[in-house]
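J.: Just dropping this structure here.
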Amino acid sequence: MSLQSGLDAFQQGRYQEAVQLLEQVCRNAVDQTSSDYLTAQMWLMKSYQGTGDIEKATILCQKLLMSNNPQVRSWAEQARQTLPREVATPSSATQKAGRATTAGVKLTMGGVGGSLALASGVTMILLFGMVFALGLSLVFILGSDDPLQGLAIAIGITLIFNLAAFFLSPFLMDLTQHWLYKTCWVELADVEQQSPETAKIIRQVCQQKNLKVPRLGIIDDQNPTAFTYGSLPNSARLVVSQGLFTYLDDDEIATVYAHELGHIVHWDFAVMTVASTLVQICYLIYSTARRLARGGNSKGKDAVQTAALVAYIFYIIGTYLLLYLSRTREYFADHFAAETTGNPNGLSRALVKIAYGIVEEGSRSPEPSRLIEGTRALGIYDHKAAASTGTAYRIASDPQKIGRVFLWDMFNPWGWWMELNSTHPLTGKRVRALSTYAEQLGLPTEFDMGRVMGEGKTLNKGKLYGNFFLDVVLYGAETIGFLVGIVIGIVLLSSSQNIGLIFGAPFVGLGIGIIIKTLVMFPDYKQAPETDILTLMSDPYASPLRGQPARLQGQLIGRGDAGYRFGADLKIQDRSGMLYLRYASRLGPIGNFLFGMKRVKSLLGEQVGSVGWFRRGVAPWMDLIQLQSQGGTVVNSYHRFWSFILGGGSIILGVALTIFMTSS
């Protein structure tokens, strides 16, 4: 699709067609500083105006105002005059909830997040103990004749590793940030030009806490994010992306900076730096011991293999401790921001608008952002949770729509289960905590979480928890079927003396388990209802295992695989939001690769109808069944195919083994 075609469509007043053509040009652009890309962006903004999509036009205008090209900035300045005033993002359609008249009021957390000091202390002690024990065991294994000397060496290794990581990691991060994201270091006055309240908050916190102003960085990327790292509070780095200033208002930006300052005040980045290093040392010891085991004698080999197993177990335990600590520090940083700014509602809006910005930028790019993917653990928001919250916000003239999306976060047991593997609390839980701070300040809340909690009490608990426990069992259906088959084979062998059963029954059980799980995961879809993405994401009973048949109409806007140009998965966007579509070829991974290499590019930008099974974890998605474009192209996906082949094949093998062993 050419740039000229889009410009012609705009000149002839075919604005919707112009939007589709120019968006496609922007997605396909290799160089985002080229004149063609910038021209497409400029006239895409005008096309959005033509279709009446003023929010998108305004956001795009804000991006163009920050362009490095002076001619583009000048054009955007003139174009801004044609936009309605007081329109920045979809939130302008609703009245903002207020803020406290004075900041610094102490707010109780009510048990949210537990104890930061306790979580940090317990995590660090356990991790240090793990590394110390593993270092000691390796020293003994390698043949130290003096146990006291081995003890001293183990302590020395542990301390040197951690001290080096503690003091050197910020400088290594600086180099990484510059190399990957071209971070630009700025002065406080530069930040003040874009957000006056932010500069005020930084000065206030640094004065009250006797801190140096952190080293401030801005990354030229429109995906909104913010993160902090360092070793000591007075040498901390606070980095944000340019998208934060595009999508958030001044008071909301200030709450994000206050959140990151909370991490500095609490020494969170220092604790996480050391804790992360300890976990990585566990893995390093595991991998080192595994290599040593390949060349040792039989006695030494057994000892090293045992050490490797213990190290790996410690690595897994340490990883979950680290995730728990990370979630706890997010709650406390939110609390610090609410107290410091007196504006918990501003941070609630900021979290939701960051999700919106991530989804919105994702709709304009054929691949997920390298910045968002690469800073997931550091950032203020887990981008995998953005699809649901951001989708709701895109059309959230009524905040209750966002509240319904939070039902899953607050009440679905899968939410708790998935959160165990996340660096951040689920968004609904963070917004709920911030709402309680607003209530303590006597403020109306930004999102009516009281209504959400009330609606949650009316949910069918039997359906919520019954499905959850059944799904957990079904996740292991193959293993359960195999073990049950062994038991049945042994029982029947004792009564019939048919030795074939002991070999065949386990495979029959395995096959039955696979088929049962497949039928639950991929139920009949012939009567799949027409729906939209927001409706699917508002279902509090949604499961990552139990597929929900659905039909969607929308546009394919990009690939779903981060940074993989031959990825087979897709992103579909309808009027209410964006969702990932997972494709499965009948030929397996080879077929997926060929589909991603040969066909996906030609499908991007197409209006399609799709049918599939919707699932929800931290990130929602749909397992694709069939895709049909307006041009008549049909794509079939085969998620059930190999499951039925494996299940049926296992049953046939089991029956054949039973017959063969009985007759022989």
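Naming works like this for the structure tokens: A, B, ... for the chains as they're shown, residue 1 at the start of each chain, ligands 1 onward in shown order.
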Which residues come within 10 Å of Ala386 of chain A, counting only C-alpha atoms, excluding same-chain residues fewer than 2 positions away, as a JSON list (two decimals) with C-alpha atoms, in the first residue's frame?

T.:
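Result file follows (out-v2.json):
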```json
[["chain", "number", "residue", "atom", "x", "y", "z"],
["A", 351, "LEU", "CA", -2.04, 3.30, 35.69],
["A", 352, "VAL", "CA", -5.08, 2.90, 33.47],
["A", 353, "LYS", "CA", -3.89, 5.48, 30.94],
["A", 354, "ILE", "CA", -0.46, 3.83, 30.76],
["A", 355, "ALA", "CA", -2.27, 0.60, 29.86],
["A", 356, "TYR", "CA", -4.27, 2.53, 27.27],
["A", 357, "GLY", "CA", -1.10, 4.05, 25.82],
["A", 358, "ILE", "CA", 0.58, 0.64, 25.54],
["A", 359, "VAL", "CA", -2.45, -0.78, 23.72],
["A", 381, "TYR", "CA", 3.19, -1.41, 34.90],
["A", 382, "ASP", "CA", 3.24, -5.01, 33.67],
["A", 383, "HIS", "CA", 2.57, -4.62, 29.94],
["A", 384, "LYS", "CA", 1.02, -8.11, 29.75],
["A", 388, "SER", "CA", -7.65, -5.78, 29.29],
["A", 389, "THR", "CA", -7.40, -2.47, 31.18],
["A", 390, "GLY", "CA", -6.27, -0.50, 28.13],
["A", 391, "THR", "CA", -9.02, -2.00, 26.02],
["A", 392, "ALA", "CA", -11.67, -0.86, 28.48],
["A", 427, "THR", "CA", -4.14, -3.65, 38.16],
["A", 618, "VAL", "CA", -2.71, -11.94, 32.97],
["A", 619, "ALA", "CA", -2.78, -11.36, 29.18],
["A", 620, "PRO", "CA", -5.98, -12.38, 27.33]]
```

J.: I want to know what sits within 10 Å of segment 20-31 of chain A, based on only C-alpha atoms, with residues of the same chain fewer than 4 positions away left out; could you give that as a ChimeraX atom specification?

T.: /A:1-7,9-10,15-16,35-45,47,363-367,555,557-558,601,604-607

J.: Could you tell me which of A:Gln305, A:Asn210, A:Ser643, A:Ser326 comes closest to His263 of chain A if we count only C-alpha atoms?

T.: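 So, comparing all the options, the nearest one is A:Ser326.
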
J.: Write out as number ranges by chain each polymer residue whose atoms come within 12 Å of segment 534-537 of chain A, counting only C-alpha atoms; drop sequence neighbours fewer than 3 positions from it.

T.: A: 385-396, 401-409, 529-531, 540-543, 547-552, 573-579, 613-622

J.: Taking only C-alpha atoms into account, which of A:Ile572, A:Ile659, A:Val635, A:Leu603 comes nearest Gly560 of chain A?

T.: A:Ile572

J.: Would you work out the distance separating atom CA of Asn343 of chain A from atom CA of Ala100 of chain A, expressed in Å to one decimal?

T.: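 Taking atom CA of Asn343 of chain A and atom CA of Ala100 of chain A, their separation equals 6.3 Å.
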
J.: Name the residues of segment 437-611 of chain A that come out as alpha helix (DSSP H) in a backbone DSSP run; write them as a PyMOL selection string.

T.: chain A and resi 437-440+449-457+461-475+477-496+500-521+533-537+589-598+600-603

J.: Work out how far atom CA of Pro214 of chain A is from atom CA of Tyr181 of chain A, in Å to one decimal.

T.: 19.1 Å

J.: Excluding same-chain residues fewer than 5 positions from Gly654 of chain A, what lies within 8 Å of it counting only C-alpha atoms, as a list of chain:residue names?

T.: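 With the cut-off at 8 Å, the set is A:Phe503, A:Gly504, A:Ala505, A:Pro506, A:Phe507, A:Val508.
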
J.: Please determine, counting only C-alpha atoms, which residue among A:Leu545, A:Leu501, A:Ile488, A:Leu371 has the shortest atom-to-atom distance to Tyr475 of chain A.

T.: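 Closest to Tyr475 of chain A, using only C-alpha atoms: A:Leu545.
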
J.: I need the residues in segment 484-603 of chain A that are strand (DSSP E or B) according to DSSP; give them as a list in words.

T.: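 Filtering segment 484-603 of chain A to strand (DSSP E or B) leaves Glu530, Gln548, Pro549, Ala550, Arg551, Leu552, Gln553, Gly554, Gln555, Leu556, Ile557, Gly558, Arg559, Leu570, Lys571, Ile572, Gln573, Asp574, Gly577, Met578, Leu579, Tyr580, Leu581 and Arg582 of chain A.
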